[in-house]
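Peer 1: Provided below: structure.txt, containing compact mmCIF, C-alpha atoms.
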# COMPACT_ATOMS: atom_id res chain seq x y z
CA MET K 255 -40.82 -16.71 -6.91
CA LYS K 256 -42.50 -15.83 -10.20
CA ILE K 257 -41.26 -13.57 -12.98
CA THR K 258 -43.29 -10.37 -13.29
CA ASP K 259 -41.27 -8.28 -15.73
CA ILE K 260 -38.02 -8.00 -17.68
CA GLU K 261 -36.47 -4.55 -17.93
CA LEU K 262 -33.56 -3.44 -20.10
CA GLY K 263 -30.88 -0.80 -19.71
CA MET K 264 -27.75 0.34 -21.54
CA LEU K 265 -24.41 0.32 -19.74
CA ARG K 266 -21.38 2.30 -20.97
CA VAL K 267 -17.91 2.07 -19.44
CA PRO K 268 -14.92 3.65 -21.25
CA LEU K 269 -11.90 1.38 -21.59
CA LYS K 270 -8.53 2.36 -20.14
CA THR K 271 -6.98 1.88 -23.56
CA PRO K 272 -8.49 0.86 -26.93
CA PHE K 273 -8.99 -2.90 -27.37
CA LYS K 274 -7.50 -3.88 -30.75
CA THR K 275 -7.64 -7.26 -32.48
CA ALA K 276 -7.46 -8.53 -36.06
CA LEU K 277 -11.26 -8.13 -36.20
CA ARG K 278 -12.03 -4.80 -34.54
CA THR K 279 -11.11 -1.86 -32.33
CA VAL K 280 -13.28 -1.08 -29.28
CA GLU K 281 -13.03 1.94 -26.95
CA THR K 282 -16.07 1.44 -24.68
CA ILE K 283 -17.90 -1.39 -22.96
CA GLU K 284 -21.39 -0.76 -24.32
CA ASP K 285 -23.72 -3.58 -23.33
CA VAL K 286 -27.41 -4.28 -22.81
CA VAL K 287 -28.26 -5.05 -19.17
CA VAL K 288 -31.20 -7.32 -18.34
CA MET K 289 -33.11 -7.08 -15.06
CA VAL K 290 -35.59 -9.89 -14.44
CA ARG K 291 -38.07 -8.82 -11.74
CA THR K 292 -40.07 -11.17 -9.52
CA ASP K 293 -43.13 -11.05 -7.28
CA SER K 294 -40.88 -11.62 -4.27
CA GLY K 295 -38.95 -8.40 -4.90
CA HIS K 296 -35.81 -10.17 -6.10
CA THR K 297 -34.00 -9.07 -9.25
CA GLY K 298 -31.79 -11.18 -11.47
CA TYR K 299 -29.11 -9.42 -13.50
CA GLY K 300 -27.74 -10.35 -16.91
CA GLU K 301 -25.76 -8.65 -19.66
CA ALA K 302 -25.37 -8.94 -23.42
CA ALA K 303 -22.37 -7.73 -25.41
CA ALA K 304 -23.06 -6.73 -29.02
CA THR K 305 -20.18 -8.36 -30.91
CA ALA K 306 -21.46 -8.28 -34.47
CA VAL K 307 -18.21 -9.51 -36.08
CA ILE K 308 -18.28 -12.68 -33.95
CA THR K 309 -21.83 -13.50 -32.82
CA GLY K 310 -23.75 -11.38 -35.33
CA ASP K 311 -25.58 -9.64 -32.48
CA THR K 312 -26.14 -5.87 -32.35
CA HIS K 313 -27.71 -3.73 -29.64
CA GLY K 314 -30.88 -3.50 -31.72
CA SER K 315 -31.14 -7.23 -32.35
CA ILE K 316 -30.50 -8.02 -28.67
CA ILE K 317 -33.19 -5.63 -27.48
CA GLU K 318 -35.75 -6.85 -30.02
CA ALA K 319 -35.00 -10.51 -29.31
CA ILE K 320 -35.55 -10.11 -25.57
CA ARG K 321 -38.60 -7.87 -25.81
CA HIS K 322 -40.54 -9.70 -28.50
CA PHE K 323 -39.38 -13.31 -28.39
CA ILE K 324 -37.94 -14.17 -24.97
CA LYS K 325 -39.79 -11.98 -22.44
CA PRO K 326 -43.34 -13.07 -23.48
CA ARG K 327 -42.36 -16.69 -22.78
CA LEU K 328 -41.00 -16.00 -19.31
CA VAL K 329 -43.38 -13.57 -17.62
CA GLY K 330 -45.51 -15.52 -15.13
CA GLN K 331 -43.10 -18.47 -14.97
CA ASP K 332 -41.70 -19.84 -11.70
CA VAL K 333 -37.97 -19.31 -11.13
CA ALA K 334 -37.72 -22.72 -9.46
CA ASN K 335 -38.20 -24.43 -12.83
CA LEU K 336 -34.77 -23.41 -14.13
CA ASN K 337 -34.31 -26.11 -16.78
CA GLN K 338 -37.73 -25.39 -18.23
CA LEU K 339 -37.00 -21.66 -18.30
CA CYS K 340 -33.68 -22.20 -20.07
CA ALA K 341 -35.44 -24.38 -22.65
CA LEU K 342 -37.96 -21.61 -23.24
CA VAL K 343 -35.11 -19.15 -23.81
CA GLN K 344 -33.14 -21.44 -26.12
CA THR K 345 -36.15 -22.37 -28.28
CA SER K 346 -37.54 -18.83 -28.47
CA MET K 347 -35.68 -18.17 -31.75
CA GLU K 348 -32.65 -19.21 -33.77
CA ARG K 349 -29.16 -17.82 -33.01
CA ASN K 350 -29.23 -14.52 -31.03
CA SER K 351 -26.85 -16.11 -28.54
CA SER K 352 -25.96 -12.90 -26.69
CA ALA K 353 -29.60 -12.04 -25.97
CA LYS K 354 -30.23 -15.58 -24.74
CA ALA K 355 -27.08 -15.44 -22.60
CA ALA K 356 -28.12 -12.23 -20.85
CA VAL K 357 -31.52 -13.62 -19.89
CA GLU K 358 -30.13 -17.00 -18.81
CA ILE K 359 -27.56 -15.30 -16.59
CA ALA K 360 -30.35 -13.38 -14.87
CA LEU K 361 -32.39 -16.58 -14.46
CA TYR K 362 -29.47 -18.46 -12.88
CA ASP K 363 -28.89 -15.46 -10.60
CA LEU K 364 -32.50 -15.62 -9.41
CA TRP K 365 -32.47 -19.41 -9.07
CA ALA K 366 -29.48 -19.27 -6.73
CA GLN K 367 -31.07 -16.37 -4.82
CA LEU K 368 -34.19 -18.51 -4.41
CA HIS K 369 -32.05 -21.13 -2.66
CA GLY K 370 -30.05 -18.56 -0.68
CA ALA K 371 -26.64 -19.63 -1.99
CA PRO K 372 -23.92 -18.22 -4.27
CA LEU K 373 -24.35 -19.49 -7.83
CA TYR K 374 -21.06 -21.39 -7.87
CA GLN K 375 -22.20 -23.47 -4.89
CA MET K 376 -25.44 -24.31 -6.68
CA LEU K 377 -23.35 -25.43 -9.68
CA GLY K 378 -21.19 -27.74 -7.57
CA GLY K 379 -18.95 -25.60 -5.39
CA GLY K 380 -15.23 -24.95 -5.52
CA ASP K 381 -12.56 -22.47 -4.46
CA PRO K 382 -14.11 -18.99 -4.90
CA VAL K 383 -10.83 -17.35 -5.99
CA ILE K 384 -9.39 -17.61 -9.51
CA THR K 385 -6.69 -15.87 -11.53
CA THR K 386 -7.13 -14.35 -14.99
CA ASP K 387 -4.80 -13.32 -17.78
CA ILE K 388 -4.95 -9.89 -19.44
CA THR K 389 -5.11 -8.94 -23.10
CA ILE K 390 -2.27 -7.16 -24.87
CA SER K 391 -3.89 -5.46 -27.88
CA VAL K 392 -2.27 -5.60 -31.29
CA ASP K 393 -0.22 -2.42 -31.81
CA TYR K 394 3.28 -1.14 -32.52
CA ILE K 395 5.93 -3.49 -31.14
CA ASP K 396 7.24 -1.00 -28.56
CA LYS K 397 3.71 -0.34 -27.31
CA MET K 398 2.93 -4.05 -26.97
CA VAL K 399 6.19 -4.67 -25.10
CA ALA K 400 5.49 -1.75 -22.77
CA ASP K 401 1.93 -2.96 -22.15
CA SER K 402 3.22 -6.47 -21.40
CA LEU K 403 5.78 -5.25 -18.87
CA SER K 404 3.17 -2.99 -17.25
CA ALA K 405 0.79 -5.95 -16.88
CA ILE K 406 3.51 -8.03 -15.24
CA ASP K 407 4.28 -5.18 -12.84
CA ARG K 408 0.57 -5.18 -11.89
CA GLY K 409 0.74 -8.87 -11.00
CA PHE K 410 -0.50 -10.61 -14.15
CA GLU K 411 1.25 -13.92 -14.77
CA SER K 412 -0.45 -14.74 -18.10
CA LEU K 413 -0.61 -12.44 -21.12
CA LYS K 414 -2.94 -12.90 -24.09
CA ILE K 415 -1.19 -11.37 -27.08
CA LYS K 416 -3.37 -10.24 -29.97
CA VAL K 417 -1.95 -10.70 -33.48
CA GLY K 418 -3.28 -11.51 -36.94
CA LYS K 419 -2.87 -8.32 -38.98
CA ASP K 420 0.54 -8.82 -40.62
CA ILE K 421 2.20 -12.23 -40.47
CA GLY K 422 5.79 -10.95 -40.61
CA LEU K 423 5.17 -8.20 -38.09
CA ASP K 424 3.20 -10.62 -35.90
CA ILE K 425 6.26 -12.88 -35.62
CA GLU K 426 8.43 -9.92 -34.63
CA ARG K 427 5.83 -8.75 -32.10
CA VAL K 428 5.83 -12.10 -30.34
CA LYS K 429 9.62 -12.45 -30.39
CA ALA K 430 10.01 -8.99 -28.85
CA ILE K 431 7.48 -9.64 -26.09
CA HIS K 432 8.96 -13.07 -25.34
CA ALA K 433 12.44 -11.53 -25.00
CA ALA K 434 11.18 -8.68 -22.85
CA VAL K 435 9.19 -10.70 -20.31
CA GLN K 436 12.05 -13.21 -19.82
CA GLY K 437 9.86 -16.04 -18.60
CA ARG K 438 8.02 -13.94 -16.02
CA ALA K 439 4.63 -14.64 -17.60
CA LEU K 440 2.93 -17.30 -19.70
CA LEU K 441 2.22 -16.11 -23.24
CA ARG K 442 -1.02 -16.96 -25.01
CA LEU K 443 -1.29 -16.03 -28.70
CA ASP K 444 -4.65 -15.05 -30.24
CA ALA K 445 -4.83 -14.48 -34.00
CA ASN K 446 -8.62 -13.88 -34.03
CA GLN K 447 -9.05 -15.66 -37.38
CA GLY K 448 -6.41 -13.39 -38.92
CA TRP K 449 -4.21 -16.02 -40.60
CA THR K 450 -4.59 -18.74 -43.18
CA ALA K 451 -3.74 -22.28 -42.11
CA LYS K 452 -0.42 -22.23 -43.95
CA GLN K 453 0.46 -18.81 -42.51
CA ALA K 454 -0.29 -20.09 -39.03
CA VAL K 455 1.96 -23.12 -39.46
CA HIS K 456 4.75 -20.93 -40.86
CA ALA K 457 4.44 -18.43 -38.01
CA MET K 458 4.35 -21.05 -35.29
CA ARG K 459 7.24 -23.09 -36.68
CA THR K 460 9.30 -19.91 -36.99
CA LEU K 461 8.55 -18.96 -33.39
CA GLU K 462 9.09 -22.47 -32.05
CA GLU K 463 12.42 -22.79 -33.86
CA ALA K 464 13.46 -19.43 -32.40
CA GLY K 465 12.89 -20.80 -28.89
CA VAL K 466 9.68 -18.88 -28.24
CA VAL K 467 7.53 -20.90 -25.82
CA LEU K 468 3.80 -20.24 -26.02
CA GLU K 469 1.10 -21.72 -23.81
CA LEU K 470 -1.39 -21.86 -26.70
CA LEU K 471 -2.42 -20.49 -30.08
CA GLU K 472 -6.04 -19.33 -30.25
CA GLN K 473 -8.23 -19.41 -33.36
CA PRO K 474 -5.59 -18.87 -36.04
CA VAL K 475 -8.00 -19.37 -38.98
CA LYS K 476 -11.51 -18.36 -40.01
CA ALA K 477 -14.29 -19.67 -37.79
CA ALA K 478 -15.80 -21.94 -40.44
CA ASP K 479 -12.45 -23.40 -41.52
CA ILE K 480 -12.41 -26.49 -39.32
CA ALA K 481 -10.20 -28.31 -41.83
CA GLY K 482 -7.73 -25.43 -41.61
CA LEU K 483 -7.86 -25.51 -37.82
CA LYS K 484 -7.05 -29.22 -37.87
CA TYR K 485 -4.27 -28.60 -40.41
CA VAL K 486 -2.60 -26.24 -37.92
CA THR K 487 -3.22 -28.47 -34.91
CA ASP K 488 -1.61 -31.43 -36.67
CA ARG K 489 1.52 -29.49 -37.66
CA VAL K 490 2.61 -27.37 -34.70
CA ASN K 491 3.84 -28.27 -31.22
CA THR K 492 2.00 -25.43 -29.47
CA PRO K 493 -1.52 -26.41 -28.31
CA VAL K 494 -4.23 -24.91 -30.54
CA MET K 495 -7.45 -23.53 -29.04
CA ALA K 496 -10.78 -23.12 -30.85
CA ASP K 497 -12.78 -20.00 -30.07
CA GLU K 498 -14.98 -18.58 -32.83
CA SER K 499 -15.21 -22.06 -34.38
CA VAL K 500 -17.28 -23.41 -31.48
CA PHE K 501 -20.52 -21.93 -30.18
CA SER K 502 -22.71 -24.94 -29.39
CA PRO K 503 -22.33 -28.33 -27.68
CA SER K 504 -22.82 -30.10 -31.04
CA GLN K 505 -20.00 -28.08 -32.59
CA VAL K 506 -17.74 -29.04 -29.70
CA ILE K 507 -18.54 -32.72 -30.26
CA ASP K 508 -17.68 -32.36 -33.96
CA LEU K 509 -14.44 -30.54 -33.13
CA ILE K 510 -13.37 -33.22 -30.66
CA GLN K 511 -14.27 -36.06 -33.02
CA GLN K 512 -12.18 -34.47 -35.78
CA ARG K 513 -9.36 -33.67 -33.35
CA ALA K 514 -9.30 -30.21 -34.89
CA ALA K 515 -8.10 -28.44 -31.73
CA ASP K 516 -6.49 -29.22 -28.38
CA ILE K 517 -8.43 -26.74 -26.20
CA VAL K 518 -11.94 -25.21 -26.30
CA ASN K 519 -12.72 -21.61 -25.36
CA ILE K 520 -16.12 -21.25 -23.67
CA LYS K 521 -17.81 -17.84 -23.80
CA LEU K 522 -21.33 -17.26 -22.52
CA MET K 523 -22.09 -14.84 -25.36
CA LYS K 524 -21.37 -17.64 -27.84
CA THR K 525 -23.11 -20.49 -26.01
CA GLY K 526 -26.30 -18.53 -25.34
CA GLY K 527 -25.80 -18.62 -21.59
CA LEU K 528 -24.91 -20.97 -18.79
CA SER K 529 -26.96 -24.04 -19.70
CA ASN K 530 -25.03 -24.77 -22.90
CA ALA K 531 -21.74 -23.64 -21.36
CA ILE K 532 -22.22 -26.30 -18.67
CA ARG K 533 -22.97 -28.90 -21.34
CA ILE K 534 -19.82 -27.96 -23.26
CA ALA K 535 -17.68 -28.21 -20.12
CA ASP K 536 -19.13 -31.64 -19.36
CA ILE K 537 -18.57 -32.87 -22.93
CA ALA K 538 -14.98 -31.65 -22.84
CA ALA K 539 -14.40 -33.30 -19.46
CA ILE K 540 -15.62 -36.66 -20.76
CA HIS K 541 -13.07 -36.46 -23.59
CA ASP K 542 -10.24 -35.05 -21.43
CA VAL K 543 -10.17 -31.84 -23.48
CA PRO K 544 -9.23 -28.81 -21.37
CA CYS K 545 -11.20 -25.57 -21.62
CA MET K 546 -10.64 -21.88 -21.21
CA ILE K 547 -13.39 -19.55 -19.99
CA GLY K 548 -13.39 -16.26 -21.86
CA CYS K 549 -15.49 -13.16 -22.42
CA MET K 550 -16.21 -10.43 -24.95
CA ILE K 551 -15.90 -6.77 -24.01
CA GLU K 552 -18.19 -7.14 -21.00
CA SER K 553 -18.62 -5.62 -17.56
CA SER K 554 -18.59 -7.49 -14.27
CA ILE K 555 -22.28 -8.43 -14.58
CA SER K 556 -21.98 -11.17 -17.19
CA VAL K 557 -18.33 -11.86 -16.40
CA ALA K 558 -19.41 -12.63 -12.82
CA ALA K 559 -21.53 -15.48 -14.17
CA ALA K 560 -18.51 -16.80 -16.08
CA VAL K 561 -16.46 -16.64 -12.86
CA HIS K 562 -19.03 -18.71 -10.97
CA LEU K 563 -18.98 -21.28 -13.78
CA ALA K 564 -15.17 -21.38 -13.83
CA VAL K 565 -15.04 -22.07 -10.10
CA ALA K 566 -17.67 -24.82 -10.26
CA LYS K 567 -16.05 -26.50 -13.31
CA ALA K 568 -12.42 -26.01 -12.32
CA ASP K 569 -11.66 -29.64 -13.17
CA VAL K 570 -12.04 -28.91 -16.89
CA ILE K 571 -11.92 -25.09 -17.12
CA VAL K 572 -8.21 -24.82 -16.42
CA LYS K 573 -7.48 -21.48 -18.12
CA VAL K 574 -9.16 -18.16 -17.37
CA ASP K 575 -9.46 -15.15 -19.69
CA LEU K 576 -11.92 -12.91 -17.85
CA ASP K 577 -10.19 -9.55 -18.03
CA GLY K 578 -13.16 -7.57 -19.38
CA PRO K 579 -13.90 -5.70 -16.12
CA SER K 580 -10.19 -4.96 -15.61
CA LEU K 581 -10.06 -3.22 -19.00
CA GLY K 582 -12.70 -0.66 -17.97
CA GLN K 583 -11.95 2.68 -16.36
CA PHE K 584 -14.31 1.81 -13.50
CA ASP K 585 -16.55 -1.02 -12.28
CA PRO K 586 -20.23 0.09 -12.27
CA VAL K 587 -21.33 -2.94 -10.24
CA SER K 588 -21.60 -3.22 -6.46
CA GLY K 589 -21.58 -6.60 -4.72
CA GLY K 590 -20.86 -10.15 -5.76
CA VAL K 591 -17.58 -10.72 -7.56
CA THR K 592 -14.49 -8.60 -6.91
CA PHE K 593 -12.09 -7.97 -9.79
CA ASN K 594 -8.68 -6.95 -8.47
CA GLU K 595 -6.28 -7.01 -11.43
CA SER K 596 -5.42 -10.69 -11.96
CA GLU K 597 -7.26 -11.98 -8.86
CA ILE K 598 -11.01 -12.55 -9.00
CA SER K 599 -12.94 -13.53 -5.88
CA ILE K 600 -16.57 -14.38 -5.15
CA SER K 601 -18.47 -13.28 -2.05
CA ASP K 602 -20.85 -15.55 -0.17
CA ALA K 603 -23.90 -13.50 -1.23
CA PRO K 604 -26.77 -15.43 -2.86
CA GLY K 605 -26.87 -15.66 -6.65
CA LEU K 606 -24.39 -13.39 -8.38
CA GLY K 607 -24.52 -11.10 -5.36
CA ILE K 608 -25.09 -7.94 -7.38
CA THR K 609 -26.70 -5.19 -5.32
CA GLU K 610 -26.48 -2.20 -7.68
CA VAL K 611 -25.51 -1.26 -11.23
CA ARG K 612 -24.62 2.42 -11.46
CA GLY K 613 -25.02 4.64 -14.51
CA LEU K 614 -27.62 2.54 -16.30
CA GLU K 615 -29.65 4.24 -19.02
CA MET K 616 -33.02 2.53 -18.80
CA LEU K 617 -34.57 1.63 -22.15
CA ALA K 618 -38.24 2.49 -22.56
Using structure tokens, write down the structure from this file.

Peer 2:
Amino acid sequence: MKITDIELGMLRVPLKTPFKTALRTVETIEDVVVMVRTDSGHTGYGEAAATAVITGDTHGSIIEAIRHFIKPRLVGQDVANLNQLCALVQTSMERNSSAKAAVEIALYDLWAQLHGAPLYQMLGGGDPVITTDITISVDYIDKMVADSLSAIDRGFESLKIKVGKDIGLDIERVKAIHAAVQGRALLRLDANQGWTAKQAVHAMRTLEEAGVVLELLEQPVKAADIAGLKYVTDRVNTPVMADESVFSPSQVIDLIQQRAADIVNIKLMKTGGLSNAIRIADIAAIHDVPCMIGCMIESSISVAAAVHLAVAKADVIVKVDLDGPSLGQFDPVSGGVTFNESEISISDAPGLGITEVRGLEMLA
């Protein structure tokens, strides 16, 4: 099975409600879709989310990276040589993690198809059903409470609450949601780099003293402020999770050595695909550091790859934040992984199992 071409398309899926964080507001899933074609007639699918405020990647940079730096290295290569192909992708250029992720996802899809097995089985197997949380966007208190109760009514047992815009209001938001849900769901707090270290400690101590129980606090400080992240981790009882602070395996090693966080959030768009995500999971497992698997605003193409990884690495990936497809008004993908509110299940189809992506605008 040799690679003959790599085609690109644009996918747009309106969200049910705007996605609001301390960093941005998004109303549509708008991602670049990668289709790696082979001489055997098989197609591998991948997807890249343009999240400029986090990864630095834009639609234009993703398209140019794949067309001019990654594709020329891969055409003519044999899918069976997966490690070699991933090395070619990772060394094609610096950074551009989302573009690399999209191509790697498609390569892993093809590699598993070559062997006639679902990707998660090729990665080690596991229980092909997992449960995700759902994001509660930062908004007026009444709206966030209503959204939280609605999510619980739909079966979600974990809520990821976005804060980070106003420290005083953030504390009131969390108190109100905690009181409203009355222990019916786990609460995860995500400040998206919106606080200083001292603000984070103040907020968390205030909440903890008020009896608010949180499963974790995600990325309270700026991505580069590892000292600040450690400052918070050392001073609050709630476990602290690093997200934007860790992209690569080497950064994870540094974070663990400094004991700057209790949990690591793995996202394929940050790691540049599955090969480095697997390395991060293995590093974390060696050091008994639990991981979450997360996503950007992505459809069920790239999120499917994250699901397969979560199943295969369930010993260390103990928290799941893969609600991207559930936030969209519809799922444009047929086959493979089924997203049914909080429950995500994998079929026994080879690879990612994707049979069709509807509504693609092919890029010339």

Peer 1: For stretch 289-304 of chain K, work out the shell of residues within 7 Å, counting all atoms listed in the file and skipping chain neighbours fewer than 3 positions away, then give it as a list in words.

Peer 2: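 Contacts, in chain order: Met255, Lys256, Ile257, Thr258, Asp259, Ile260, Glu261, Leu262, Asp285, Val286, Asp311, Thr312, His313, Ser352, Ala353, Ala355, Ala356, Val357, Ile359, Ala360, Leu361, Asp363, Leu364, Met550, Ile551, Glu552, Ile555 and Ser556 of chain K.
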
Peer 1: When you look at K:Ala515 with a cut-off of 10 Å (counting all atoms listed in the file), what residues show up, excluding the ones that are within fewer than 6 positions of it in the same chain? I need them as a PDB file with C-alpha atoms, in the frame of the given file.

Peer 2:
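Final output, selection.pdb:
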ATOM      1  CA  LEU K 471      -2.420 -20.490 -30.080  1.00  0.00           C
ATOM      2  CA  GLU K 472      -6.040 -19.330 -30.250  1.00  0.00           C
ATOM      3  CA  GLN K 473      -8.230 -19.410 -33.360  1.00  0.00           C
ATOM      4  CA  ILE K 480     -12.410 -26.490 -39.320  1.00  0.00           C
ATOM      5  CA  LEU K 483      -7.860 -25.510 -37.820  1.00  0.00           C
ATOM      6  CA  LYS K 484      -7.050 -29.220 -37.870  1.00  0.00           C
ATOM      7  CA  TYR K 485      -4.270 -28.600 -40.410  1.00  0.00           C
ATOM      8  CA  VAL K 486      -2.600 -26.240 -37.920  1.00  0.00           C
ATOM      9  CA  THR K 487      -3.220 -28.470 -34.910  1.00  0.00           C
ATOM     10  CA  ASP K 488      -1.610 -31.430 -36.670  1.00  0.00           C
ATOM     11  CA  PRO K 493      -1.520 -26.410 -28.310  1.00  0.00           C
ATOM     12  CA  VAL K 494      -4.230 -24.910 -30.540  1.00  0.00           C
ATOM     13  CA  MET K 495      -7.450 -23.530 -29.040  1.00  0.00           C
ATOM     14  CA  ALA K 496     -10.780 -23.120 -30.850  1.00  0.00           C
ATOM     15  CA  ASP K 497     -12.780 -20.000 -30.070  1.00  0.00           C
ATOM     16  CA  SER K 499     -15.210 -22.060 -34.380  1.00  0.00           C
ATOM     17  CA  VAL K 506     -17.740 -29.040 -29.700  1.00  0.00           C
ATOM     18  CA  LEU K 509     -14.440 -30.540 -33.130  1.00  0.00           C
ATOM     19  CA  VAL K 543     -10.170 -31.840 -23.480  1.00  0.00           C
TER      20      VAL K 543
END

Peer 1: Write out as number ranges by chain the residues lying within 8 Å of K:Ser412, counting all atoms listed in the file and excluding same-chain residues fewer than 2 positions away.

Peer 2: K: 386-388, 410, 414, 439-442

Peer 1: Starting from the point (-10.7, -24.6, -22.7), work out which residues of protein, DNA or RNA have an atom no more than 12 Å away when counting only C-alpha atoms; state them as a short mmCIF file (atom, residue, chain, number, x, y, z; two decimals) with C-alpha atoms, in the coordinates of the input.

Peer 2:
data_model
loop_
_atom_site.label_atom_id
_atom_site.label_comp_id
_atom_site.auth_asym_id
_atom_site.auth_seq_id
_atom_site.Cartn_x
_atom_site.Cartn_y
_atom_site.Cartn_z
CA LEU K 470 -1.39 -21.86 -26.70
CA LEU K 471 -2.42 -20.49 -30.08
CA GLU K 472 -6.04 -19.33 -30.25
CA PRO K 493 -1.52 -26.41 -28.31
CA VAL K 494 -4.23 -24.91 -30.54
CA MET K 495 -7.45 -23.53 -29.04
CA ALA K 496 -10.78 -23.12 -30.85
CA ASP K 497 -12.78 -20.00 -30.07
CA VAL K 500 -17.28 -23.41 -31.48
CA VAL K 506 -17.74 -29.04 -29.70
CA ALA K 515 -8.10 -28.44 -31.73
CA ASP K 516 -6.49 -29.22 -28.38
CA ILE K 517 -8.43 -26.74 -26.20
CA VAL K 518 -11.94 -25.21 -26.30
CA ASN K 519 -12.72 -21.61 -25.36
CA ILE K 520 -16.12 -21.25 -23.67
CA LYS K 521 -17.81 -17.84 -23.80
CA ALA K 531 -21.74 -23.64 -21.36
CA ILE K 534 -19.82 -27.96 -23.26
CA ALA K 535 -17.68 -28.21 -20.12
CA ASP K 536 -19.13 -31.64 -19.36
CA ILE K 537 -18.57 -32.87 -22.93
CA ALA K 538 -14.98 -31.65 -22.84
CA ALA K 539 -14.40 -33.30 -19.46
CA ASP K 542 -10.24 -35.05 -21.43
CA VAL K 543 -10.17 -31.84 -23.48
CA PRO K 544 -9.23 -28.81 -21.37
CA CYS K 545 -11.20 -25.57 -21.62
CA MET K 546 -10.64 -21.88 -21.21
CA ILE K 547 -13.39 -19.55 -19.99
CA GLY K 548 -13.39 -16.26 -21.86
CA ALA K 564 -15.17 -21.38 -13.83
CA LYS K 567 -16.05 -26.50 -13.31
CA ALA K 568 -12.42 -26.01 -12.32
CA ASP K 569 -11.66 -29.64 -13.17
CA VAL K 570 -12.04 -28.91 -16.89
CA ILE K 571 -11.92 -25.09 -17.12
CA VAL K 572 -8.21 -24.82 -16.42
CA LYS K 573 -7.48 -21.48 -18.12
CA VAL K 574 -9.16 -18.16 -17.37
CA ASP K 575 -9.46 -15.15 -19.69
#

Peer 1: With distances taken over only C-alpha atoms, which residue among K:Val565, K:Ala433, K:Ala334, K:Glu597 lies nearest K:Tyr362?

Peer 2: K:Ala334

Peer 1: May I ask you to restore all heavy atoms in stretch 396-400 of chain K and write the result as a PDB file, keeping the file's coordinate frame?

Peer 2:
ATOM      1  N   ASP K 396       6.818  -1.655 -29.802  1.00  0.00           N
ATOM      2  CA  ASP K 396       7.240  -1.000 -28.560  1.00  0.00           C
ATOM      3  C   ASP K 396       6.067  -0.841 -27.599  1.00  0.00           C
ATOM      4  O   ASP K 396       6.226  -0.996 -26.383  1.00  0.00           O
ATOM      5  CB  ASP K 396       7.886   0.357 -28.847  1.00  0.00           C
ATOM      6  CG  ASP K 396       9.244   0.226 -29.511  1.00  0.00           C
ATOM      7  OD1 ASP K 396       9.784  -0.897 -29.545  1.00  0.00           O
ATOM      8  OD2 ASP K 396       9.772   1.250 -29.991  1.00  0.00           O
ATOM      9  N   LYS K 397       4.899  -0.521 -28.154  1.00  0.00           N
ATOM     10  CA  LYS K 397       3.710  -0.340 -27.310  1.00  0.00           C
ATOM     11  C   LYS K 397       3.280  -1.676 -26.715  1.00  0.00           C
ATOM     12  O   LYS K 397       2.945  -1.746 -25.513  1.00  0.00           O
ATOM     13  CB  LYS K 397       2.565   0.234 -28.151  1.00  0.00           C
ATOM     14  CG  LYS K 397       1.228   0.385 -27.402  1.00  0.00           C
ATOM     15  CD  LYS K 397       1.285   1.487 -26.359  1.00  0.00           C
ATOM     16  CE  LYS K 397      -0.109   1.938 -25.911  1.00  0.00           C
ATOM     17  NZ  LYS K 397      -0.964   0.879 -25.377  1.00  0.00           N
ATOM     18  N   MET K 398       3.309  -2.744 -27.479  1.00  0.00           N
ATOM     19  CA  MET K 398       2.930  -4.050 -26.970  1.00  0.00           C
ATOM     20  C   MET K 398       3.916  -4.545 -25.913  1.00  0.00           C
ATOM     21  O   MET K 398       3.508  -5.139 -24.902  1.00  0.00           O
ATOM     22  CB  MET K 398       2.819  -5.059 -28.115  1.00  0.00           C
ATOM     23  CG  MET K 398       1.677  -4.748 -29.083  1.00  0.00           C
ATOM     24  SD  MET K 398       1.525  -5.954 -30.431  1.00  0.00           S
ATOM     25  CE  MET K 398       0.828  -7.372 -29.559  1.00  0.00           C
ATOM     26  N   VAL K 399       5.189  -4.293 -26.107  1.00  0.00           N
ATOM     27  CA  VAL K 399       6.190  -4.670 -25.100  1.00  0.00           C
ATOM     28  C   VAL K 399       5.963  -3.889 -23.814  1.00  0.00           C
ATOM     29  O   VAL K 399       5.975  -4.467 -22.709  1.00  0.00           O
ATOM     30  CB  VAL K 399       7.615  -4.435 -25.637  1.00  0.00           C
ATOM     31  CG1 VAL K 399       8.631  -4.551 -24.508  1.00  0.00           C
ATOM     32  CG2 VAL K 399       7.939  -5.421 -26.748  1.00  0.00           C
ATOM     33  N   ALA K 400       5.727  -2.589 -23.952  1.00  0.00           N
ATOM     34  CA  ALA K 400       5.490  -1.750 -22.770  1.00  0.00           C
ATOM     35  C   ALA K 400       4.231  -2.191 -22.026  1.00  0.00           C
ATOM     36  O   ALA K 400       4.217  -2.263 -20.787  1.00  0.00           O
ATOM     37  CB  ALA K 400       5.384  -0.281 -23.176  1.00  0.00           C
TER      38      ALA K 400
END
